[in-house]
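Raw contents of entry27.csv, CSV, C-alpha atoms:
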```
chain,number,residue,atom,x,y,z
A,1,MET,CA,0.0,0.0,0.0
A,2,GLY,CA,2.8,2.4,0.9
A,3,ALA,CA,4.6,1.8,-2.4
A,4,ARG,CA,1.4,2.2,-4.3
A,5,GLY,CA,0.7,5.5,-2.7
A,6,ALA,CA,4.2,7.0,-3.1
A,7,PRO,CA,4.4,10.0,-5.4
A,8,SER,CA,5.7,9.2,-8.9
A,9,ARG,CA,8.7,11.0,-10.5
A,10,ARG,CA,7.9,12.7,-13.8
A,11,ARG,CA,10.1,14.7,-16.2
A,12,PRO,CA,9.3,18.4,-16.6
A,13,ALA,CA,7.0,19.1,-19.5
A,14,GLY,CA,8.7,20.4,-22.7
A,15,ARG,CA,12.1,18.9,-21.9
A,16,ARG,CA,13.7,15.9,-23.8
A,17,LEU,CA,16.9,14.5,-22.6
A,18,TRP,CA,19.3,13.2,-25.3
A,19,TYR,CA,22.0,10.8,-24.2
A,20,LEU,CA,25.1,10.1,-26.3
A,21,PRO,CA,26.3,6.5,-26.5
A,22,THR,CA,29.7,5.9,-25.0
A,23,GLY,CA,32.5,6.5,-27.5
A,24,SER,CA,30.4,8.6,-29.9
A,25,PHE,CA,32.4,11.8,-29.4
A,26,PRO,CA,35.4,10.7,-31.4
A,27,PHE,CA,33.1,9.6,-34.2
A,28,LEU,CA,31.4,13.1,-34.3
A,29,LEU,CA,34.8,14.7,-34.2
A,30,LEU,CA,36.0,12.6,-37.2
A,31,LEU,CA,32.8,13.4,-39.1
A,32,LEU,CA,33.4,17.1,-38.5
A,33,LEU,CA,37.0,16.9,-39.7
A,34,LEU,CA,35.8,15.0,-42.8
A,35,CYS,CA,33.3,17.7,-43.6
A,36,ILE,CA,35.9,20.4,-43.2
A,37,GLN,CA,38.3,18.5,-45.4
A,38,LEU,CA,35.7,18.0,-48.1
A,39,GLY,CA,34.8,21.7,-48.1
A,40,GLY,CA,38.4,22.6,-48.4
A,41,GLY,CA,38.9,20.2,-51.2
A,42,GLN,CA,35.9,21.6,-53.1
A,43,LYS,CA,37.3,25.1,-52.6
A,44,LYS,CA,40.6,24.0,-53.9
A,45,LYS,CA,39.1,22.5,-57.0
A,46,GLU,CA,37.1,25.7,-57.7
A,47,ASN,CA,40.3,27.8,-57.3
A,48,LEU,CA,42.2,25.5,-59.6
A,49,LEU,CA,39.4,25.6,-62.2
A,50,ALA,CA,39.3,29.4,-62.1
A,51,GLU,CA,43.1,29.5,-62.6
A,52,LYS,CA,42.9,27.2,-65.6
A,53,VAL,CA,40.0,29.2,-67.2
A,54,GLU,CA,41.8,32.5,-66.6
A,55,GLN,CA,45.0,31.2,-68.2
A,56,LEU,CA,43.0,29.9,-71.2
A,57,MET,CA,41.2,33.2,-71.6
A,58,ASP,CA,44.5,35.0,-71.5
A,59,TRP,CA,46.0,32.8,-74.2
A,60,SER,CA,42.8,33.2,-76.3
A,61,SER,CA,43.1,37.0,-76.1
A,62,ARG,CA,46.5,36.8,-77.7
A,63,ARG,CA,45.9,34.1,-80.2
A,64,SER,CA,42.7,32.3,-81.3
A,65,ILE,CA,44.6,28.9,-81.4
A,66,PHE,CA,47.2,28.2,-78.8
A,67,ARG,CA,49.8,25.5,-79.2
A,68,MET,CA,50.2,22.8,-76.5
A,69,ASN,CA,53.0,20.4,-75.6
A,70,GLY,CA,52.6,17.3,-73.5
A,71,ASP,CA,52.6,19.1,-70.1
A,72,LYS,CA,50.0,21.6,-71.1
A,73,PHE,CA,47.9,19.0,-72.8
A,74,ARG,CA,47.8,16.9,-69.6
A,75,LYS,CA,47.1,19.9,-67.4
A,76,PHE,CA,44.5,21.8,-69.3
A,77,ILE,CA,42.8,18.9,-71.2
A,78,LYS,CA,43.3,15.6,-69.5
A,79,ALA,CA,43.4,16.6,-65.8
A,80,PRO,CA,40.2,17.6,-64.0
A,81,PRO,CA,38.5,19.9,-63.1
A,82,ARG,CA,37.3,21.2,-66.4
A,83,ASN,CA,34.0,22.9,-67.3
A,84,TYR,CA,34.9,23.9,-70.8
A,85,SER,CA,35.1,22.1,-74.2
A,86,MET,CA,38.4,21.9,-76.0
A,87,VAL,CA,38.8,21.3,-79.7
A,88,VAL,CA,42.3,20.1,-80.6
A,89,MET,CA,44.0,19.8,-84.0
A,90,PHE,CA,46.7,17.2,-84.0
A,91,THR,CA,49.0,18.1,-86.9
A,92,ALA,CA,52.5,18.0,-88.3
A,93,LEU,CA,53.4,21.5,-89.7
A,94,GLN,CA,57.1,21.3,-89.6
A,95,PRO,CA,58.7,21.6,-93.1
A,96,GLN,CA,60.6,18.4,-92.8
A,97,ARG,CA,57.2,16.5,-92.4
A,98,GLN,CA,56.1,17.7,-95.9
A,99,CYS,CA,52.4,17.5,-94.9
A,100,SER,CA,50.6,19.8,-97.4
A,101,VAL,CA,47.3,18.6,-96.1
A,102,CYS,CA,48.2,19.8,-92.6
A,103,ARG,CA,48.8,23.3,-93.9
A,104,GLN,CA,45.6,23.3,-95.8
A,105,ALA,CA,43.6,22.1,-92.8
A,106,ASN,CA,45.4,24.6,-90.6
A,107,GLU,CA,44.2,27.5,-92.8
A,108,GLU,CA,40.6,26.3,-92.4
A,109,TYR,CA,41.1,25.8,-88.6
A,110,GLN,CA,42.4,29.3,-88.3
A,111,ILE,CA,39.3,30.7,-90.1
A,112,LEU,CA,37.1,28.8,-87.7
A,113,ALA,CA,38.9,29.8,-84.5
A,114,ASN,CA,39.1,33.5,-85.6
A,115,SER,CA,35.4,33.4,-86.4
A,116,TRP,CA,34.7,32.2,-82.8
A,117,ARG,CA,37.3,34.5,-81.2
A,118,TYR,CA,35.9,37.7,-82.7
A,119,SER,CA,32.2,36.8,-82.5
A,120,SER,CA,29.8,38.4,-80.0
A,121,ALA,CA,29.0,34.9,-78.6
A,122,PHE,CA,32.6,34.3,-77.5
A,123,CYS,CA,32.8,32.9,-74.0
A,124,ASN,CA,34.9,30.5,-71.8
A,125,LYS,CA,32.9,27.4,-72.8
A,126,LEU,CA,34.9,26.6,-75.9
A,127,PHE,CA,38.6,26.9,-76.7
A,128,PHE,CA,40.7,25.9,-79.8
A,129,SER,CA,44.2,24.5,-79.4
A,130,MET,CA,46.8,22.6,-81.5
A,131,VAL,CA,49.3,19.8,-80.8
A,132,ASP,CA,52.2,19.5,-83.3
A,133,TYR,CA,53.8,16.1,-83.7
A,134,ASP,CA,57.3,17.5,-83.2
A,135,GLU,CA,56.2,19.4,-80.0
A,136,GLY,CA,54.0,16.7,-78.4
A,137,THR,CA,55.1,13.3,-79.6
A,138,ASP,CA,54.2,11.8,-76.2
A,139,VAL,CA,50.6,13.0,-76.7
A,140,PHE,CA,50.4,11.2,-80.1
A,141,GLN,CA,51.7,8.1,-78.4
A,142,GLN,CA,49.3,8.4,-75.5
A,143,LEU,CA,46.3,8.6,-77.8
A,144,ASN,CA,47.6,5.9,-80.2
A,145,MET,CA,47.4,8.4,-83.0
A,146,ASN,CA,49.3,7.6,-86.2
A,147,SER,CA,47.9,10.1,-88.8
A,148,ALA,CA,47.6,13.8,-89.1
A,149,PRO,CA,45.8,16.1,-89.3
A,150,THR,CA,43.1,14.9,-86.8
A,151,PHE,CA,40.5,17.0,-85.0
A,152,MET,CA,39.2,15.9,-81.6
A,153,HIS,CA,36.7,17.3,-79.2
A,154,PHE,CA,37.4,16.9,-75.4
A,155,PRO,CA,34.1,17.4,-73.5
A,156,PRO,CA,33.9,19.1,-70.1
A,157,LYS,CA,33.1,15.8,-68.4
A,158,GLY,CA,34.1,12.3,-69.2
A,159,ARG,CA,36.3,10.8,-72.0
A,160,PRO,CA,35.9,11.6,-75.7
A,161,LYS,CA,33.5,9.3,-77.5
A,162,ARG,CA,33.9,8.1,-81.1
A,163,ALA,CA,31.8,11.0,-82.4
A,164,ASP,CA,34.2,13.4,-80.8
A,165,THR,CA,36.8,12.6,-83.5
A,166,PHE,CA,36.0,14.5,-86.7
A,167,ASP,CA,35.6,12.3,-89.8
A,168,LEU,CA,38.0,14.3,-91.9
A,169,GLN,CA,38.3,11.6,-94.6
A,170,ARG,CA,34.6,11.5,-95.4
A,171,ILE,CA,33.6,15.1,-94.7
A,172,GLY,CA,36.7,17.1,-95.5
A,173,PHE,CA,38.2,19.9,-93.3
A,174,ALA,CA,36.2,23.0,-94.5
A,175,ALA,CA,35.6,25.5,-91.7
A,176,GLU,CA,31.9,25.3,-92.2
A,177,GLN,CA,31.9,21.5,-91.7
A,178,LEU,CA,34.1,21.8,-88.6
A,179,ALA,CA,31.6,24.4,-87.2
A,180,LYS,CA,28.7,22.0,-87.8
A,181,TRP,CA,30.5,19.2,-86.1
A,182,ILE,CA,31.3,21.5,-83.1
A,183,ALA,CA,27.6,22.5,-82.9
A,184,ASP,CA,26.6,18.8,-82.7
A,185,ARG,CA,29.1,18.1,-79.9
A,186,THR,CA,28.9,21.2,-77.8
A,187,ASP,CA,25.7,23.1,-78.7
A,188,VAL,CA,28.0,26.1,-79.4
A,189,HIS,CA,27.2,27.6,-82.8
A,190,VAL,CA,30.1,29.2,-84.6
A,191,ARG,CA,29.3,31.4,-87.5
A,192,VAL,CA,32.1,31.2,-90.0
A,193,PHE,CA,33.4,34.5,-91.4
A,194,ARG,CA,35.8,34.1,-94.3
A,195,PRO,CA,38.1,36.9,-95.4
A,196,PRO,CA,37.2,38.3,-98.8
A,197,ASN,CA,38.7,36.3,-101.7
A,198,TYR,CA,38.7,38.0,-105.1
A,199,SER,CA,40.7,35.4,-106.9
A,200,GLY,CA,37.5,33.9,-108.5
A,201,THR,CA,36.3,37.3,-109.6
A,202,ILE,CA,39.6,38.2,-111.1
A,203,ALA,CA,39.9,34.8,-112.9
A,204,LEU,CA,36.4,35.3,-114.4
A,205,ALA,CA,37.2,38.8,-115.5
A,206,LEU,CA,40.4,37.6,-117.2
A,207,LEU,CA,38.5,34.8,-118.9
A,208,VAL,CA,35.9,37.1,-120.2
A,209,SER,CA,38.5,39.5,-121.4
A,210,LEU,CA,40.4,36.8,-123.1
A,211,VAL,CA,37.3,35.5,-124.9
A,212,GLY,CA,36.3,39.0,-125.8
A,213,GLY,CA,39.7,39.8,-127.2
A,214,LEU,CA,39.8,36.6,-129.2
A,215,LEU,CA,36.4,37.4,-130.7
A,216,TYR,CA,37.5,40.9,-131.5
A,217,LEU,CA,40.7,39.8,-133.3
A,218,ARG,CA,38.7,37.2,-135.3
A,219,ARG,CA,35.7,39.4,-135.9
A,220,ASN,CA,36.0,39.1,-139.6
A,221,ASN,CA,36.3,35.3,-139.5
A,222,LEU,CA,34.1,33.6,-136.9
A,223,GLU,CA,33.8,30.3,-138.6
A,224,PHE,CA,35.7,28.6,-135.7
A,225,ILE,CA,32.7,29.1,-133.5
A,226,TYR,CA,30.9,26.5,-135.6
A,227,ASN,CA,33.8,24.0,-135.4
A,228,LYS,CA,32.3,20.8,-134.1
A,229,THR,CA,35.6,19.4,-133.0
A,230,GLY,CA,36.3,22.3,-130.8
A,231,TRP,CA,33.0,22.2,-129.1
A,232,ALA,CA,33.4,18.4,-128.7
A,233,MET,CA,36.7,18.9,-126.9
A,234,VAL,CA,35.2,21.5,-124.6
A,235,SER,CA,32.2,19.2,-123.8
A,236,LEU,CA,34.6,16.3,-123.1
A,237,CYS,CA,36.7,18.4,-120.7
A,238,ILE,CA,33.5,19.3,-118.8
A,239,VAL,CA,32.4,15.7,-118.7
A,240,PHE,CA,35.8,14.5,-117.5
A,241,ALA,CA,35.8,17.1,-114.7
A,242,MET,CA,32.3,16.2,-113.5
A,243,THR,CA,32.7,12.4,-113.7
A,244,SER,CA,36.1,12.5,-111.9
A,245,GLY,CA,34.5,14.1,-108.8
A,246,GLN,CA,35.7,17.7,-109.1
A,247,MET,CA,32.4,19.1,-107.9
A,248,TRP,CA,32.6,16.8,-104.9
A,249,ASN,CA,36.0,18.2,-104.1
A,250,HIS,CA,34.7,21.7,-104.4
A,251,ILE,CA,31.9,21.0,-102.0
A,252,ARG,CA,33.7,18.8,-99.4
A,253,GLY,CA,37.2,20.3,-99.7
A,254,PRO,CA,39.1,17.0,-99.2
A,255,PRO,CA,43.0,16.9,-98.9
A,256,TYR,CA,45.1,16.5,-102.0
A,257,ALA,CA,46.6,13.3,-100.6
A,258,HIS,CA,47.4,11.7,-97.3
A,259,LYS,CA,50.9,11.3,-95.8
A,260,ASN,CA,51.5,9.1,-92.8
A,261,PRO,CA,53.7,11.1,-90.4
A,262,HIS,CA,55.4,8.0,-89.1
A,263,ASN,CA,56.6,6.2,-92.2
A,264,GLY,CA,56.2,9.0,-94.8
A,265,GLN,CA,54.0,6.8,-97.1
A,266,VAL,CA,51.7,8.9,-99.3
A,267,SER,CA,48.3,7.7,-100.3
A,268,TYR,CA,46.7,9.1,-103.4
A,269,ILE,CA,43.7,6.8,-103.5
A,270,HIS,CA,41.3,6.9,-100.5
A,271,GLY,CA,40.5,3.4,-99.1
A,272,SER,CA,36.8,4.1,-98.6
A,273,SER,CA,33.9,4.4,-101.1
A,274,GLN,CA,32.6,7.3,-99.1
A,275,ALA,CA,35.4,9.7,-99.7
A,276,GLN,CA,38.3,10.6,-102.1
A,277,PHE,CA,41.4,12.7,-102.4
A,278,VAL,CA,41.9,15.5,-104.9
A,279,ALA,CA,44.8,13.5,-106.5
A,280,GLU,CA,42.4,10.6,-106.9
A,281,SER,CA,40.0,12.7,-109.0
A,282,HIS,CA,42.9,13.8,-111.2
A,283,ILE,CA,43.9,10.2,-111.7
A,284,ILE,CA,40.3,9.2,-112.6
A,285,LEU,CA,40.2,12.1,-115.0
A,286,VAL,CA,43.3,10.9,-116.8
A,287,LEU,CA,42.1,7.4,-117.0
A,288,ASN,CA,38.7,8.4,-118.4
A,289,ALA,CA,40.5,10.6,-121.0
A,290,ALA,CA,42.7,7.7,-122.0
A,291,ILE,CA,39.8,5.3,-122.4
A,292,THR,CA,37.9,7.9,-124.5
A,293,MET,CA,41.0,8.4,-126.7
A,294,GLY,CA,41.1,4.7,-127.3
A,295,MET,CA,37.4,4.6,-128.3
A,296,VAL,CA,38.0,7.5,-130.7
A,297,LEU,CA,40.9,5.6,-132.3
A,298,LEU,CA,38.8,2.5,-132.6
A,299,ASN,CA,36.0,4.5,-134.3
A,300,GLU,CA,38.6,6.2,-136.6
A,301,ALA,CA,40.0,2.8,-137.6
A,302,ALA,CA,36.6,1.4,-138.4
A,303,THR,CA,35.2,4.4,-140.3
A,304,SER,CA,38.2,5.8,-142.2
A,305,LYS,CA,39.0,4.7,-145.7
A,306,GLY,CA,42.8,5.0,-145.6
A,307,ASP,CA,45.5,2.4,-145.8
A,308,VAL,CA,44.6,-0.9,-144.3
A,309,GLY,CA,47.9,-1.3,-142.4
A,310,LYS,CA,47.6,2.1,-140.9
A,311,ARG,CA,44.0,1.5,-139.8
A,312,ARG,CA,45.2,-1.8,-138.3
A,313,ILE,CA,47.8,0.0,-136.2
A,314,ILE,CA,45.3,2.6,-135.1
A,315,CYS,CA,42.9,-0.1,-134.1
A,316,LEU,CA,45.6,-1.9,-132.0
A,317,VAL,CA,46.6,1.2,-130.3
A,318,GLY,CA,43.0,2.2,-129.5
A,319,LEU,CA,42.3,-1.3,-128.2
A,320,GLY,CA,45.4,-1.3,-126.0
A,321,LEU,CA,44.4,2.1,-124.5
A,322,VAL,CA,40.9,0.9,-123.7
A,323,VAL,CA,41.9,-2.5,-122.3
A,324,PHE,CA,44.8,-1.3,-120.1
A,325,PHE,CA,43.3,1.9,-118.7
A,326,PHE,CA,39.9,0.3,-118.2
A,327,SER,CA,41.6,-2.4,-116.2
A,328,PHE,CA,43.4,0.2,-114.1
A,329,LEU,CA,40.1,2.0,-113.5
A,330,LEU,CA,38.4,-1.2,-112.5
A,331,SER,CA,41.2,-2.0,-110.1
A,332,ILE,CA,40.8,1.3,-108.3
A,333,PHE,CA,37.0,0.7,-108.1
A,334,ARG,CA,37.7,-2.7,-106.6
A,335,SER,CA,40.1,-1.3,-104.0
A,336,LYS,CA,37.5,1.2,-102.8
A,337,TYR,CA,34.5,-1.1,-102.9
A,338,HIS,CA,35.8,-3.9,-100.8
A,339,GLY,CA,34.4,-7.3,-101.8
A,340,TYR,CA,33.8,-6.4,-105.4
A,341,PRO,CA,34.5,-9.7,-107.1
A,342,TYR,CA,35.5,-8.7,-110.7
A,343,SER,CA,38.8,-7.7,-112.1
A,344,PHE,CA,40.5,-7.5,-115.5
A,345,LEU,CA,44.3,-7.8,-116.1
A,346,ILE,CA,45.2,-5.6,-113.1
A,347,LYS,CA,44.2,-6.6,-109.5
```
Just dump the structure as structure tokens.
Amino acid sequence: MGARGAPSRRRPAGRRLWYLPTGSFPFLLLLLLLCIQLGGGQKKKENLLAEKVEQLMDWSSRRSIFRMNGDKFRKFIKAPPRNYSMVVMFTALQPQRQCSVCRQANEEYQILANSWRYSSAFCNKLFFSMVDYDEGTDVFQQLNMNSAPTFMHFPPKGRPKRADTFDLQRIGFAAEQLAKWIADRTDVHVRVFRPPNYSGTIALALLVSLVGGLLYLRRNNLEFIYNKTGWAMVSLCIVFAMTSGQMWNHIRGPPYAHKNPHNGQVSYIHGSSQAQFVAESHIILVLNAAITMGMVLLNEAATSKGDVGKRRIICLVGLGLVVFFFSFLLSIFRSKYHGYPYSFLIK
């Protein structure tokens, strides 16, 4: 009865007592130190990123394309943190490399970078740089790169994907094509501004002047205008130019040839059916002209009424031209379209 009637002990209202388990204080101290360290590390990353961006902006203010060696490449492109995109041209511009394609691609790359540098949309989200083989051999080895020129995009986060390597062999290296590729990879649109080029206008003016002067000198005898052979030659030249891919070269701007910077081997025929070199179109033009010449000789041998022996020689020469150069043309076609089963004389 006495125990039942004793007054009970109650905690004061509004107060909650928290008890820490034994040994929890070192854990809380460790957690606090970890938070302080993470905050300091984040601040250090932000400061490092700010320094890198400031340095890149300083270089861009001096030159639209800055050159990089192995150390700069690893610091500003490979090493984090990075919140900017970097387009890099891997090239070989030294005279001893004899890479004419590299010089042509560099001119287009300069036009693209200058267009971005002096545009109103210029910002620190996109930079253009260059790695020359003789200045960054270790970079070429690190990326397992054995050809130049090559354009690569390094995104702000993660590693470059397959689409971050520009398909120069298929598309060409015109500044407009590079700008379209950059827009696809970065959502940064670069409007290309080309310096004025009056060479086409001057050439057209000279051609008109030449034709006009010729017509004026021959104004009393214009029978050559009705010469069928002359017009046939002009028509054939146009046909040869169009069928050899000159218009494709004008639109895509492919390199003249490709030289391997390691072994110096020069390729004049592109190995893919989706692209070609300028030298390749010249070769095709000559082959088509030789085949046409052979057909003309065969027709001459069949229709002329001269000496039989002479006609026989013309026929043999024409037949030889057609057979040999058509075999050569077919072998080139076979090398580009892999798996094509037919060949003739030359494989």
- Item | Residue neighbourhood Gln177 in chain A, 12 Å, all atoms listed in the file, exclusion window fewer than 4 positions, as a PyMOL selection string | chain A and resi 105+108-109+111-112+151+166-168+170-173+181-184+189-192+251-254
- Message: Which residues are near Asn249 in chain A? Cut-off 12 Å, all atoms listed in the file, ignore same chain within fewer than 2 positions. Put them as JSON, numbers by chain.
- Response: {"A": [169, 170, 171, 172, 173, 174, 241, 242, 243, 244, 245, 246, 247, 251, 252, 253, 254, 255, 256, 275, 276, 277, 278, 279, 280, 281, 282]}
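As for CA of Pro195 in chain A and CA of Ala175 in chain A, they are spaced 12.2 Å apart.
Protein and nucleic acid residues near (38.8, 27.4, -84.5) are Ser64, Ile65, Val87, Tyr109, Gln110, Ile111, Leu112, Ala113, Asn114, Ser115, Trp116, Arg117, Phe127, Phe128 and Ser129 of chain A, the criterion being any atom at most 8 Å away using all atoms listed in the file.
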Excluding range 308-319 of chain A and its own-chain neighbours fewer than 5 positions away, which residues fall within 10 Å of it when counting all atoms listed in the file? Please give them as a PDB file with C-alpha atoms, in the coordinates of the input.
```pdb
ATOM      1  CA  ALA A 290      42.700   7.700-122.000  1.00  0.00           C
ATOM      2  CA  ILE A 291      39.800   5.300-122.400  1.00  0.00           C
ATOM      3  CA  THR A 292      37.900   7.900-124.500  1.00  0.00           C
ATOM      4  CA  MET A 293      41.000   8.400-126.700  1.00  0.00           C
ATOM      5  CA  GLY A 294      41.100   4.700-127.300  1.00  0.00           C
ATOM      6  CA  MET A 295      37.400   4.600-128.300  1.00  0.00           C
ATOM      7  CA  VAL A 296      38.000   7.500-130.700  1.00  0.00           C
ATOM      8  CA  LEU A 297      40.900   5.600-132.300  1.00  0.00           C
ATOM      9  CA  LEU A 298      38.800   2.500-132.600  1.00  0.00           C
ATOM     10  CA  ASN A 299      36.000   4.500-134.300  1.00  0.00           C
ATOM     11  CA  GLU A 300      38.600   6.200-136.600  1.00  0.00           C
ATOM     12  CA  ALA A 301      40.000   2.800-137.600  1.00  0.00           C
ATOM     13  CA  ALA A 302      36.600   1.400-138.400  1.00  0.00           C
ATOM     14  CA  THR A 303      35.200   4.400-140.300  1.00  0.00           C
ATOM     15  CA  PHE A 324      44.800  -1.300-120.100  1.00  0.00           C
TER      16      PHE A 324
END
```
